[in-house]
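Containing mmCIF, C-alpha atoms and all ligand atoms: upload17.cif.
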data_query
#
loop_
_atom_site.label_atom_id
_atom_site.label_comp_id
_atom_site.auth_asym_id
_atom_site.auth_seq_id
_atom_site.Cartn_x
_atom_site.Cartn_y
_atom_site.Cartn_z
CA MET A 59 -133.47 51.83 -204.83
CA ALA A 60 -132.60 54.00 -207.86
CA THR A 61 -131.83 57.66 -207.24
CA VAL A 62 -134.53 59.96 -208.58
CA PRO A 63 -133.52 63.32 -210.07
CA ASP A 64 -134.76 66.43 -208.33
CA ALA A 65 -138.33 66.75 -209.58
CA LYS A 66 -138.65 70.40 -208.63
CA ALA A 67 -136.06 71.59 -211.11
CA ASP A 68 -137.62 69.86 -214.12
CA PHE A 69 -141.27 69.58 -213.19
CA ALA A 70 -142.74 72.59 -215.01
CA ALA A 71 -140.62 72.14 -218.16
CA LEU A 72 -141.64 68.47 -218.45
CA VAL A 73 -145.31 69.29 -218.01
CA VAL A 74 -145.24 72.19 -220.51
CA ARG A 75 -143.37 70.24 -223.20
CA TRP A 76 -145.60 67.21 -222.85
CA GLN A 77 -148.77 69.32 -222.94
CA ARG A 78 -147.72 71.00 -226.17
CA LEU A 79 -146.87 67.67 -227.81
CA GLU A 80 -149.43 65.25 -226.37
CA GLY A 81 -151.93 67.12 -224.24
CA ARG A 82 -155.52 67.96 -225.12
CA HIS A 83 -155.98 70.84 -227.57
CA ASP A 84 -159.45 70.40 -228.98
CA LEU A 85 -161.79 70.79 -226.03
CA PRO A 86 -164.56 73.30 -226.81
CA TRP A 87 -163.31 75.81 -224.23
CA GLN A 88 -159.68 75.75 -225.37
CA ASN A 89 -157.94 77.98 -227.92
CA THR A 90 -159.45 81.13 -226.48
CA GLN A 91 -158.31 83.78 -224.05
CA ASP A 92 -161.84 85.02 -223.45
CA PRO A 93 -162.19 84.96 -219.65
CA TYR A 94 -165.97 84.56 -219.94
CA ARG A 95 -165.71 81.27 -221.86
CA ILE A 96 -162.87 80.04 -219.68
CA TRP A 97 -164.80 80.88 -216.52
CA VAL A 98 -167.98 79.06 -217.67
CA SER A 99 -165.93 75.95 -218.49
CA GLU A 100 -164.05 76.01 -215.18
CA ILE A 101 -167.29 76.25 -213.19
CA MET A 102 -168.85 73.42 -215.20
CA LEU A 103 -165.73 71.30 -214.70
CA GLN A 104 -165.91 71.63 -210.91
CA GLN A 105 -167.27 68.22 -209.80
CA THR A 106 -168.16 67.17 -213.38
CA GLN A 107 -166.25 65.12 -215.93
CA VAL A 108 -165.05 66.56 -219.24
CA ALA A 109 -167.24 64.18 -221.29
CA THR A 110 -170.37 65.43 -219.53
CA VAL A 111 -169.39 69.11 -219.67
CA THR A 112 -168.75 68.81 -223.41
CA ARG A 113 -172.44 67.99 -223.92
CA TYR A 114 -173.56 71.17 -222.12
CA TYR A 115 -170.91 73.79 -222.80
CA ASP A 116 -171.64 74.69 -226.46
CA VAL A 117 -175.39 74.89 -225.86
CA PHE A 118 -174.82 77.17 -222.88
CA ILE A 119 -172.44 79.45 -224.77
CA ALA A 120 -174.78 79.62 -227.77
CA ARG A 121 -177.62 80.70 -225.50
CA PHE A 122 -175.51 83.06 -223.34
CA PRO A 123 -172.62 84.17 -225.60
CA ASP A 124 -171.26 86.83 -223.23
CA ILE A 125 -171.43 88.00 -219.67
CA HIS A 126 -174.08 90.63 -220.35
CA CYS A 127 -176.48 88.05 -221.80
CA LEU A 128 -175.94 85.82 -218.80
CA ALA A 129 -176.37 88.65 -216.29
CA GLN A 130 -179.65 89.74 -217.93
CA ALA A 131 -181.09 86.21 -218.13
CA SER A 132 -183.56 84.90 -215.58
CA LEU A 133 -182.29 82.36 -213.08
CA ASP A 134 -184.95 79.99 -214.44
CA ASP A 135 -183.37 80.08 -217.90
CA VAL A 136 -179.91 79.43 -216.47
CA LEU A 137 -181.13 76.53 -214.33
CA ALA A 138 -182.97 75.05 -217.31
CA LEU A 139 -179.72 74.87 -219.32
CA TRP A 140 -177.84 73.56 -216.29
CA SER A 141 -180.44 70.88 -215.67
CA GLY A 142 -178.74 67.48 -215.63
CA LEU A 143 -175.23 68.80 -214.88
CA GLY A 144 -175.75 68.47 -211.13
CA TYR A 145 -174.46 70.60 -208.24
CA TYR A 146 -177.00 73.27 -209.10
CA ARG A 147 -175.65 75.77 -206.62
CA ARG A 148 -172.94 76.36 -209.22
CA ALA A 149 -175.53 77.69 -211.67
CA LYS A 150 -176.98 80.08 -209.11
CA LEU A 151 -173.53 81.37 -208.20
CA LEU A 152 -172.56 81.63 -211.87
CA HIS A 153 -175.59 83.81 -212.47
CA ALA A 154 -174.86 85.92 -209.37
CA CYS A 155 -171.22 86.25 -210.43
CA ALA A 156 -172.19 87.50 -213.90
CA GLN A 157 -174.43 90.13 -212.34
CA THR A 158 -171.64 91.17 -209.95
CA ILE A 159 -169.08 91.53 -212.76
CA VAL A 160 -171.48 93.61 -214.84
CA ALA A 161 -172.51 95.79 -211.90
CA ARG A 162 -169.07 96.29 -210.34
CA PHE A 163 -166.64 95.92 -213.24
CA GLN A 164 -168.73 96.97 -216.26
CA GLY A 165 -168.59 93.40 -217.55
CA GLU A 166 -164.77 93.16 -217.50
CA PHE A 167 -163.25 90.28 -215.55
CA PRO A 168 -160.62 91.30 -212.99
CA ARG A 169 -157.19 90.07 -214.11
CA GLU A 170 -155.71 89.24 -210.70
CA GLU A 171 -156.45 85.86 -209.16
CA GLN A 172 -157.03 87.41 -205.72
CA ALA A 173 -159.80 89.64 -207.08
CA LEU A 174 -161.32 86.76 -209.06
CA ALA A 175 -161.36 84.56 -205.97
CA GLU A 176 -163.62 87.05 -204.18
CA LEU A 177 -166.40 86.68 -206.75
CA PRO A 178 -169.38 84.35 -206.14
CA GLY A 179 -168.60 80.68 -206.88
CA ILE A 180 -164.93 81.21 -207.78
CA GLY A 181 -162.53 79.62 -205.31
CA ARG A 182 -158.79 80.01 -205.19
CA SER A 183 -157.97 77.24 -207.67
CA THR A 184 -160.65 78.26 -210.20
CA ALA A 185 -159.48 81.88 -209.94
CA ALA A 186 -155.94 80.74 -210.69
CA ALA A 187 -157.06 78.71 -213.73
CA ILE A 188 -158.96 81.68 -215.20
CA ALA A 189 -156.05 84.05 -214.51
CA ALA A 190 -153.52 81.65 -216.02
CA PHE A 191 -155.51 80.83 -219.18
CA ALA A 192 -156.90 84.28 -219.89
CA PHE A 193 -154.13 86.57 -218.59
CA GLN A 194 -151.04 84.31 -218.31
CA ARG A 195 -150.85 85.06 -214.61
CA ARG A 196 -148.43 83.01 -212.53
CA ALA A 197 -151.07 81.50 -210.25
CA ALA A 198 -151.20 77.89 -209.02
CA ILE A 199 -154.19 75.59 -209.40
CA LEU A 200 -154.79 72.88 -206.84
CA ASP A 201 -157.73 70.55 -207.38
CA GLY A 202 -157.98 66.86 -206.52
CA ASN A 203 -156.16 65.80 -209.68
CA VAL A 204 -153.24 68.16 -209.07
CA LYS A 205 -152.94 67.06 -205.45
CA ARG A 206 -152.72 63.45 -206.63
CA VAL A 207 -149.95 64.24 -209.12
CA LEU A 208 -147.96 66.23 -206.55
CA ALA A 209 -148.44 63.63 -203.81
CA ARG A 210 -147.05 60.94 -206.12
CA VAL A 211 -144.23 62.83 -207.80
CA PHE A 212 -142.91 64.11 -204.46
CA ALA A 213 -144.01 61.06 -202.42
CA LEU A 214 -145.90 63.22 -199.94
CA GLU A 215 -147.17 61.27 -196.94
CA LEU A 216 -149.88 63.76 -196.13
CA ASP A 217 -153.45 63.45 -195.07
CA THR A 218 -154.94 65.45 -197.93
CA GLN A 219 -157.84 66.55 -195.73
CA SER A 220 -155.83 68.36 -193.05
CA SER A 221 -155.28 72.11 -193.20
CA LYS A 222 -151.57 71.55 -192.59
CA ALA A 223 -151.39 69.34 -195.68
CA LEU A 224 -153.37 71.83 -197.72
CA HIS A 225 -150.92 74.55 -196.78
CA ALA A 226 -148.02 72.31 -197.83
CA PHE A 227 -149.68 71.48 -201.17
CA TRP A 228 -150.31 75.14 -201.97
CA SER A 229 -146.71 76.09 -201.11
CA LEU A 230 -145.36 73.32 -203.29
CA ALA A 231 -147.72 74.16 -206.18
CA GLU A 232 -146.65 77.80 -206.08
CA SER A 233 -142.96 76.91 -205.99
CA LEU A 234 -143.25 74.94 -209.25
CA LEU A 235 -144.74 77.62 -211.54
CA PRO A 236 -143.01 78.37 -214.86
CA GLN A 237 -142.65 81.79 -216.51
CA SER A 238 -145.89 83.54 -217.38
CA GLU A 239 -145.79 82.78 -221.12
CA ASP A 240 -145.88 79.06 -220.28
CA MET A 241 -148.70 79.33 -217.75
CA PRO A 242 -151.57 78.31 -220.08
CA ALA A 243 -149.75 75.17 -221.29
CA TYR A 244 -148.56 74.35 -217.77
CA THR A 245 -152.01 74.73 -216.20
CA GLN A 246 -153.66 72.70 -218.96
CA GLY A 247 -150.84 70.15 -218.71
CA LEU A 248 -151.52 69.54 -215.02
CA MET A 249 -155.21 69.06 -215.78
CA ASP A 250 -154.42 66.71 -218.68
CA LEU A 251 -151.96 64.67 -216.63
CA GLY A 252 -154.48 64.13 -213.85
CA ALA A 253 -157.22 63.21 -216.33
CA THR A 254 -155.28 61.00 -218.77
CA ARG A 255 -152.07 59.73 -217.16
CA CYS A 256 -151.93 59.93 -213.37
CA LEU A 257 -155.31 58.27 -212.90
CA GLN A 258 -156.53 57.52 -209.42
CA ARG A 259 -156.77 53.73 -209.68
CA GLN A 260 -154.70 52.83 -212.76
CA PRO A 261 -151.90 55.38 -213.26
CA ARG A 262 -150.34 55.08 -216.72
CA CYS A 263 -146.78 55.64 -215.62
CA GLU A 264 -145.25 54.23 -218.80
CA GLN A 265 -146.84 57.06 -220.81
CA CYS A 266 -146.23 59.77 -218.22
CA PRO A 267 -143.76 62.60 -218.86
CA LEU A 268 -142.90 62.70 -215.15
CA GLN A 269 -141.91 59.05 -214.76
CA ALA A 270 -138.18 59.82 -214.59
CA VAL A 271 -138.64 62.19 -211.65
CA CYS A 272 -141.62 60.57 -209.91
CA LYS A 273 -140.70 59.26 -206.45
CA ALA A 274 -143.86 57.18 -206.05
CA LYS A 275 -143.11 55.42 -209.33
CA SER A 276 -139.49 54.72 -208.36
CA GLN A 277 -140.68 53.35 -205.02
CA GLY A 278 -143.47 51.28 -206.60
CA ARG A 279 -145.99 53.19 -204.48
CA GLU A 280 -147.97 54.98 -207.16
CA ARG A 281 -151.19 53.24 -206.12
CA ALA A 282 -150.58 53.84 -202.42
CA LEU A 283 -150.36 57.61 -202.74
CA PRO A 284 -151.97 59.92 -201.96
CA LEU A 285 -152.86 58.41 -198.59
CA ALA A 286 -156.43 57.10 -198.65
CA LYS A 287 -158.98 59.25 -196.90
CA PRO A 288 -160.84 57.50 -194.10
CA LYS A 289 -164.25 56.59 -195.54
CA LYS A 290 -167.10 58.56 -194.03
CA SER A 291 -170.43 56.86 -194.04
CA LEU A 292 -173.06 59.44 -194.88
CA PRO A 293 -176.30 59.43 -192.94
CA LEU A 294 -179.46 58.43 -194.78
CA ARG A 295 -182.45 60.74 -195.13
CA TYR A 296 -185.86 59.51 -196.21
CA TRP A 297 -188.33 61.48 -198.26
CA VAL A 298 -191.45 60.58 -200.14
CA MET A 299 -191.72 62.11 -203.61
CA VAL A 300 -195.22 62.58 -204.85
CA TRP A 301 -196.17 62.20 -208.52
CA ILE A 302 -199.56 63.88 -208.86
CA SER A 303 -201.14 63.57 -212.28
CA ASP A 304 -204.53 64.46 -213.71
CA GLY A 305 -203.94 62.23 -216.72
CA GLN A 306 -202.26 64.89 -218.83
CA SER A 307 -200.19 67.12 -216.57
CA ILE A 308 -198.12 66.59 -213.50
CA LEU A 309 -197.77 68.92 -210.56
CA LEU A 310 -194.33 70.47 -209.96
CA ILE A 311 -193.28 72.62 -207.06
CA ARG A 312 -190.45 75.13 -206.94
CA ARG A 313 -187.91 74.27 -204.28
CA PRO A 314 -187.01 76.87 -201.65
CA GLU A 315 -184.15 79.27 -202.40
CA HIS A 316 -181.77 77.49 -200.06
CA GLY A 317 -180.89 73.86 -199.50
CA ILE A 318 -181.08 70.88 -201.83
CA TRP A 319 -182.00 71.66 -205.44
CA ALA A 320 -182.41 75.32 -204.49
CA SER A 321 -184.87 77.25 -206.72
CA MET A 322 -185.30 74.27 -209.07
CA TRP A 323 -188.54 72.62 -210.07
CA SER A 324 -189.26 69.31 -208.39
CA LEU A 325 -192.01 66.88 -207.63
CA PRO A 326 -193.61 67.76 -204.30
CA THR A 327 -191.79 66.02 -201.48
CA ILE A 328 -192.54 65.00 -197.97
CA GLU A 329 -189.22 65.33 -196.25
CA SER A 330 -188.01 63.74 -193.09
CA LEU A 331 -185.86 65.81 -190.80
CA PRO A 332 -182.71 64.37 -189.24
CA GLU A 333 -183.83 62.15 -186.40
CA SER A 334 -181.77 64.12 -183.88
CA LEU A 335 -183.54 67.34 -184.80
CA ILE A 336 -186.98 65.76 -184.67
CA GLY A 337 -186.15 64.34 -181.23
CA HIS A 338 -185.04 67.73 -180.01
CA LEU A 339 -188.11 69.50 -181.35
CA MET A 340 -190.45 66.87 -179.93
CA ALA A 341 -188.79 67.12 -176.53
CA ASN A 342 -188.96 70.91 -176.47
CA PRO A 343 -192.07 71.78 -178.38
CA GLN A 344 -193.62 75.15 -178.45
CA PRO A 345 -197.28 74.67 -177.60
CA ASP A 346 -198.25 74.28 -181.23
CA GLN A 347 -200.25 71.15 -181.90
CA ALA A 348 -199.95 71.44 -185.70
CA LEU A 349 -196.16 71.37 -185.45
CA ILE A 350 -196.21 68.45 -183.08
CA ASP A 351 -198.52 66.55 -185.45
CA LYS A 352 -196.31 67.32 -188.41
CA LEU A 353 -193.17 66.23 -186.61
CA SER A 354 -194.90 63.12 -185.47
CA ILE A 355 -195.75 62.19 -189.09
CA MET A 356 -192.20 62.97 -190.15
CA ARG A 357 -190.74 60.87 -187.38
CA THR A 358 -193.05 57.99 -188.24
CA MET A 359 -192.03 58.29 -191.87
CA HIS A 360 -188.39 58.47 -191.01
CA LEU A 361 -188.47 55.37 -188.85
CA LEU A 362 -190.56 53.40 -191.28
CA TRP A 363 -188.48 54.25 -194.30
CA GLN A 364 -185.36 53.48 -192.35
CA GLN A 365 -186.69 50.01 -191.69
CA ALA A 366 -188.11 49.62 -195.17
CA CYS A 367 -184.81 50.51 -196.81
CA THR A 368 -182.78 48.36 -194.45
CA GLN A 369 -184.97 45.38 -195.20
CA ARG A 370 -184.83 46.09 -198.95
CA LEU A 371 -188.55 45.85 -199.39
CA ASP A 372 -189.95 45.78 -202.88
CA THR A 373 -191.13 49.36 -203.20
CA LYS A 374 -193.53 48.47 -206.02
CA ARG A 375 -195.45 46.37 -203.54
CA LEU A 376 -194.87 48.60 -200.58
CA ASP A 377 -198.53 49.36 -200.04
CA THR A 378 -199.05 45.71 -199.20
CA GLN A 379 -196.20 45.66 -196.71
CA PRO A 380 -197.31 46.00 -193.10
CA ILE A 381 -194.31 48.17 -192.35
CA ALA A 382 -195.47 50.88 -194.75
CA ARG A 383 -199.13 50.67 -193.96
CA PRO A 384 -199.21 53.49 -191.37
CA ILE A 385 -197.61 55.95 -193.79
CA PHE A 386 -199.85 54.78 -196.56
CA ASN A 387 -202.87 55.34 -194.35
CA VAL A 388 -201.72 58.77 -193.25
CA LEU A 389 -201.33 59.84 -196.87
CA LYS A 390 -204.46 58.12 -198.05
CA SER A 391 -206.57 59.80 -195.43
CA SER A 392 -205.12 63.15 -196.37
CA ILE A 393 -206.16 63.17 -200.03
CA LYS A 394 -209.49 63.04 -201.76
CA GLN A 395 -211.19 59.71 -202.13
CA ASP A 396 -211.14 59.85 -205.92
CA ALA A 397 -207.35 59.73 -206.03
CA ARG A 398 -205.48 56.48 -206.46
CA LEU A 399 -202.34 55.61 -204.61
CA ASP A 400 -199.64 53.18 -205.56
CA TRP A 401 -195.91 52.90 -204.98
CA HIS A 402 -194.36 53.54 -208.29
CA SER A 403 -190.57 53.82 -208.30
CA TYR A 404 -187.65 55.06 -206.33
CA VAL A 405 -185.09 57.88 -206.28
CA ALA A 406 -181.70 57.36 -204.62
CA GLN A 407 -179.00 60.01 -204.67
CA SER A 408 -175.91 61.03 -202.72
CA PHE A 409 -175.42 64.60 -201.63
CA THR A 410 -172.38 66.08 -199.94
CA HIS A 411 -173.63 65.48 -196.40
CA PHE A 412 -176.18 62.69 -196.73
CA ARG A 413 -177.70 60.06 -198.96
CA LEU A 414 -181.29 60.30 -200.01
CA HIS A 415 -183.81 57.49 -200.46
CA ALA A 416 -187.15 58.58 -201.80
CA PRO A 417 -189.89 56.19 -202.91
CA LEU A 418 -192.38 57.74 -205.29
CA LEU A 419 -196.00 57.98 -204.36
CA HIS A 420 -198.18 58.04 -207.45
CA ILE A 421 -201.48 59.87 -207.17
CA ARG A 422 -203.82 59.88 -210.13
CA LEU A 423 -206.62 62.40 -209.85
CA HIS A 424 -209.79 60.92 -211.35
CA ARG A 425 -211.91 63.96 -212.10
CA ASP A 426 -212.26 66.91 -214.39
CA VAL A 427 -209.98 69.69 -213.45
CA THR A 428 -212.08 72.80 -213.72
CA SER A 429 -209.87 75.22 -211.86
CA LYS A 430 -206.23 74.18 -211.81
CA GLU A 431 -205.18 77.11 -209.74
CA ASP A 432 -207.61 76.17 -207.04
CA LEU A 433 -206.59 72.53 -207.33
CA GLN A 434 -202.90 73.25 -206.88
CA VAL A 435 -203.01 74.69 -203.43
CA ARG A 436 -205.73 72.48 -202.06
CA ASP A 437 -204.25 69.26 -203.30
CA VAL A 438 -200.70 69.97 -202.29
CA ALA A 439 -201.80 70.96 -198.82
CA GLN A 440 -203.83 67.78 -198.69
CA VAL A 441 -201.01 65.61 -199.91
CA TYR A 442 -198.71 67.06 -197.33
CA GLY A 443 -201.26 65.88 -194.85
CA VAL A 444 -200.93 68.87 -192.57
CA GLU A 445 -201.34 72.56 -193.01
CA ASP A 446 -197.80 73.43 -193.89
CA PRO A 447 -196.99 77.11 -193.63
CA LEU A 448 -194.34 76.61 -196.30
CA VAL A 449 -196.89 75.45 -198.84
CA GLY A 450 -198.23 78.95 -199.12
CA HIS A 451 -194.83 80.26 -200.18
CA HIS A 452 -194.12 77.64 -202.82
CA GLN A 453 -194.82 78.13 -206.47
CA PHE A 454 -196.71 75.37 -208.25
CA LEU A 455 -196.96 74.42 -211.86
CA TRP A 456 -199.16 71.98 -213.77
CA ILE A 457 -197.21 70.91 -216.81
CA GLN A 458 -197.06 68.10 -219.34
CA PRO A 459 -194.08 65.82 -218.68
CA LYS A 460 -192.46 66.53 -222.07
CA ASP A 461 -192.57 70.28 -221.36
CA ALA A 462 -191.22 69.78 -217.84
CA LEU A 463 -187.96 68.65 -219.44
CA ASN A 464 -187.36 72.23 -220.59
CA LEU A 465 -187.32 73.46 -217.00
CA GLY A 466 -184.51 73.45 -214.46
CA ILE A 467 -185.15 70.13 -212.76
CA PRO A 468 -182.65 67.85 -211.00
CA ARG A 469 -181.12 65.04 -213.02
CA CYS A 470 -182.74 62.16 -211.13
CA LEU A 471 -186.18 63.69 -211.70
CA ARG A 472 -185.35 64.44 -215.33
CA GLN A 473 -184.72 60.71 -215.84
CA LEU A 474 -187.94 59.82 -214.06
CA ILE A 475 -190.07 62.32 -215.97
CA GLY A 476 -188.33 61.53 -219.27
CA ALA A 477 -189.08 57.83 -218.81
CA SER A 478 -192.78 58.60 -218.36
CA ASN A 479 -193.09 60.23 -221.80
S1 LIG B 1 -145.14 58.44 -213.11
FE1 LIG B 1 -147.08 57.49 -212.63
S2 LIG B 1 -147.49 58.02 -210.51
FE2 LIG B 1 -145.89 59.38 -211.25
S3 LIG B 1 -146.97 61.19 -211.91
FE3 LIG B 1 -146.72 59.87 -213.70
S4 LIG B 1 -148.56 58.62 -213.78
FE4 LIG B 1 -148.47 59.56 -211.76
#

Here is a file; write its structure as structure tokens.
Amino acid sequence: MATVPDAKADFAALVVRWQRLEGRHDLPWQNTQDPYRIWVSEIMLQQTQVATVTRYYDVFIARFPDIHCLAQASLDDVLALWSGLGYYRRAKLLHACAQTIVARFQGEFPREEQALAELPGIGRSTAAAIAAFAFQRRAAILDGNVKRVLARVFALELDTQSSKALHAFWSLAESLLPQSEDMPAYTQGLMDLGATRCLQRQPRCEQCPLQAVCKAKSQGRERALPLAKPKKSLPLRYWVMVWISDGQSILLIRRPEHGIWASMWSLPTIESLPESLIGHLMANPQPDQALIDKLSIMRTMHLLWQQACTQRLDTKRLDTQPIARPIFNVLKSSIKQDARLDWHSYVAQSFTHFRLHAPLLHIRLHRDVTSKEDLQVRDVAQVYGVEDPLVGHHQFLWIQPKDALNLGIPRCLRQLIGASN
């Protein structure tokens, strides 16, 4: 096996030189040292690909050109512009962070990465990226792409999930930093390498500036490193999403402040709890018949959807399937007789801790709506099928589907509502 030169000695210089010659220089958030613009881009780039962020970034900056504008905006306006980018908690934290920087630092970003990392939504690696790009600080980034590059160049046999490995990655990343004047090019170079050369499945070693020092390449193990994470199978949760229409408008509900799609607008949902929690609550109920009834409906739903999804039933014909009949009957009996029910379509999405399957229940109200305000509360309570104490705290909105697209709504619902126009 050929001897590989010491990668540590040359690593930063190779990355910096390559970035200046062949890296990316025309992304909308480059060529600036404005920490506000850099910060917005770094938050958008967490969990989201460059091509997608590019479609949102300029619009966001045009609407909120500086930190004061963002801090003064309503959360609704921020969520509306974030709608479709996913991971909506980022938008809430971005908004909270802007307000914190204005209130505590008079709108000036702290320069040190440690102080940045204490702000809402800014972790250690994002803080380092902002500090390096805006202030040329010698601070190491370490996201999934950088870990992959390091694991390959140094042939690290580490389980990337363990805290011991994380510690080793951070130490290595910090030991490789160049002088401060090279920090912007170096930091961008690592990002560019991970995105355009050292790709997860098909690394382009022949075009990589690190090929002469890369141990994985010399050992022919570039596809074997980093060590594969053991696959976790996420539990499934089953909801029913309810599309209530009066022929012109649809009914939206604002999600609670915490949890999935926090504070966003959504179709009303009937949500199943994790089976373990339902079992526990049923076994130890407080003497509250309404709660027991509600849990019983949820458990029925959960079990039925579990079976329905496992058997891959045709959801368009679900009302004719015996397996769904009990749910259908529960819902049908809980709404007015002049509504029409049919199974319309289906939402499936993965979240961090579970996967969601949610068939859509389509309810068309056949009557004149004389008092929409009155209709909102009554109908939602009826659709939920039980008196839900939460219903009273939710905000409702009747809105035409085309106008709903201007609100902060999750991407899967945006597609659904957009397709109905
Ligand atoms: S030589 Fe190949 S495996 Fe090594 S860092 Fe470059 S692209 Fe990745």

Contacts to ligand LIG 1 (chain B) at 12 Å cut-off (all atoms listed in the file) as an MDAnalysis selection string: chainID A and resid 62 65 69 72:73 76 203:214 247:248 250:284

Could you please determine the separation between CA of Gln172 in chain A and CA of Val160 in chain A in Å, to one decimal place?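 Between these atoms lies a distance of 18.2 Å.
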
Could you check how far CA of Phe191 in chain A sits from CA of Tyr146 in chain A, in Å to one decimal?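 Value for the CA of Phe191 in chain A-CA of Tyr146 in chain A distance: 24.9 Å.
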
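Here CA of Lys222 in chain A and CA of Ala175 in chain A stand 21.1 Å from one another.
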
Rank A:Lys66, A:Arg78, A:Arg113, A:His83 by their smallest atom-to-atom distance to Leu143 in chain A, using only C-alpha atoms, and report the top residue only.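 Comparing A:Lys66, A:Arg78, A:Arg113, A:His83 against Leu143 in chain A, the winner is A:Arg113.
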
Need the shell around Gly317 in chain A: protein/DNA/RNA residues with any atom at most 12 Å away, counting only C-alpha atoms. Skip same-chain ones fewer than 2 positions apart. Format as a VMD selection string? chain A and resid 145 to 147 313 to 315 319 to 322 409 to 411

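Take the candidates A:Ala197, A:Leu133, A:Ile467, A:Ile188 and check each one against Leu310 in chain A using all atoms listed in the file; the shortest distance goes to A:Ile467.
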
I'd like the neighbourhood of Gln407 in chain A as a PyMOL selection string, where a residue qualifies if any of its atoms comes within 10 Å (using only C-alpha atoms), though same-chain residues fewer than 4 positions away should be ignored. chain A and resi 412-416+469-470

Around all the atoms of range 276-281 of chain A listed in the file, draw an axis-aligned box and extend it by 6 Å on each of the six sides; I want its centre and edge lengths in Å to one decimal, as AutoDock Vina command-line options.
--center_x -145.3 --center_y 53.1 --center_z -206.4 --size_x 23.7 --size_y 15.7 --size_z 15.9

If we count only C-alpha atoms and set the cut-off at 12 Å, which residues sit around Asn89 in chain A, ignoring sequence neighbours fewer than 4 positions away in its own chain? Please answer as an mmCIF file with C-alpha atoms, keeping the file's coordinate frame.
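See result.cif below for the written result:
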data_model
loop_
_atom_site.group_PDB
_atom_site.id
_atom_site.type_symbol
_atom_site.label_atom_id
_atom_site.label_comp_id
_atom_site.auth_asym_id
_atom_site.auth_seq_id
_atom_site.Cartn_x
_atom_site.Cartn_y
_atom_site.Cartn_z
ATOM 1 C CA ARG A 82 -155.520 67.960 -225.120
ATOM 2 C CA HIS A 83 -155.980 70.840 -227.570
ATOM 3 C CA ASP A 84 -159.450 70.400 -228.980
ATOM 4 C CA LEU A 85 -161.790 70.790 -226.030
ATOM 5 C CA PRO A 93 -162.190 84.960 -219.650
ATOM 6 C CA ARG A 95 -165.710 81.270 -221.860
ATOM 7 C CA ILE A 96 -162.870 80.040 -219.680
ATOM 8 C CA PHE A 191 -155.510 80.830 -219.180
ATOM 9 C CA ALA A 192 -156.900 84.280 -219.890
ATOM 10 C CA PRO A 242 -151.570 78.310 -220.080
ATOM 11 C CA ALA A 243 -149.750 75.170 -221.290
ATOM 12 C CA GLN A 246 -153.660 72.700 -218.960
#

Within 8 Å of Ala231 in chain A, counting only C-alpha atoms, which residues show up once you throw out same-chain ones fewer than 5 positions away? Write them as a PyMOL selection string, please. chain A and resi 198-200+208

Restrict the selected residues to C-alpha atoms and save them as an mmCIF file, keeping the file's coordinate frame.
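The resulting selection01.cif:
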data_model
loop_
_atom_site.group_PDB
_atom_site.id
_atom_site.type_symbol
_atom_site.label_atom_id
_atom_site.label_comp_id
_atom_site.auth_asym_id
_atom_site.auth_seq_id
_atom_site.Cartn_x
_atom_site.Cartn_y
_atom_site.Cartn_z
ATOM 1 C CA ALA A 198 -151.200 77.890 -209.020
ATOM 2 C CA ILE A 199 -154.190 75.590 -209.400
ATOM 3 C CA LEU A 200 -154.790 72.880 -206.840
ATOM 4 C CA LEU A 208 -147.960 66.230 -206.550
#

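Considering the residues A:Trp87, A:Trp97, A:Tyr404, A:Phe227 and counting all atoms listed in the file, Leu177 in chain A has its shortest atom-to-atom contact with A:Trp97.
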
Export range 157-170 of chain A of the preceding structure, keeping C-alpha atoms, as a PDB file, in the first residue's frame.
ATOM      1  CA  GLN A 157     -35.366  39.834  19.068  1.00  0.00           C
ATOM      2  CA  THR A 158     -32.664  38.742  21.526  1.00  0.00           C
ATOM      3  CA  ILE A 159     -29.869  40.414  19.528  1.00  0.00           C
ATOM      4  CA  VAL A 160     -31.837  43.652  19.272  1.00  0.00           C
ATOM      5  CA  ALA A 161     -32.821  43.624  22.946  1.00  0.00           C
ATOM      6  CA  ARG A 162     -29.478  42.543  24.413  1.00  0.00           C
ATOM      7  CA  PHE A 163     -26.889  43.730  21.894  1.00  0.00           C
ATOM      8  CA  GLN A 164     -28.610  46.725  20.251  1.00  0.00           C
ATOM      9  CA  GLY A 165     -28.801  44.780  16.997  1.00  0.00           C
ATOM     10  CA  GLU A 166     -25.050  44.027  16.811  1.00  0.00           C
ATOM     11  CA  PHE A 167     -24.040  40.379  16.483  1.00  0.00           C
ATOM     12  CA  PRO A 168     -21.510  39.184  19.062  1.00  0.00           C
ATOM     13  CA  ARG A 169     -18.177  38.464  17.361  1.00  0.00           C
ATOM     14  CA  GLU A 170     -17.072  35.484  19.453  1.00  0.00           C
TER      15      GLU A 170
END
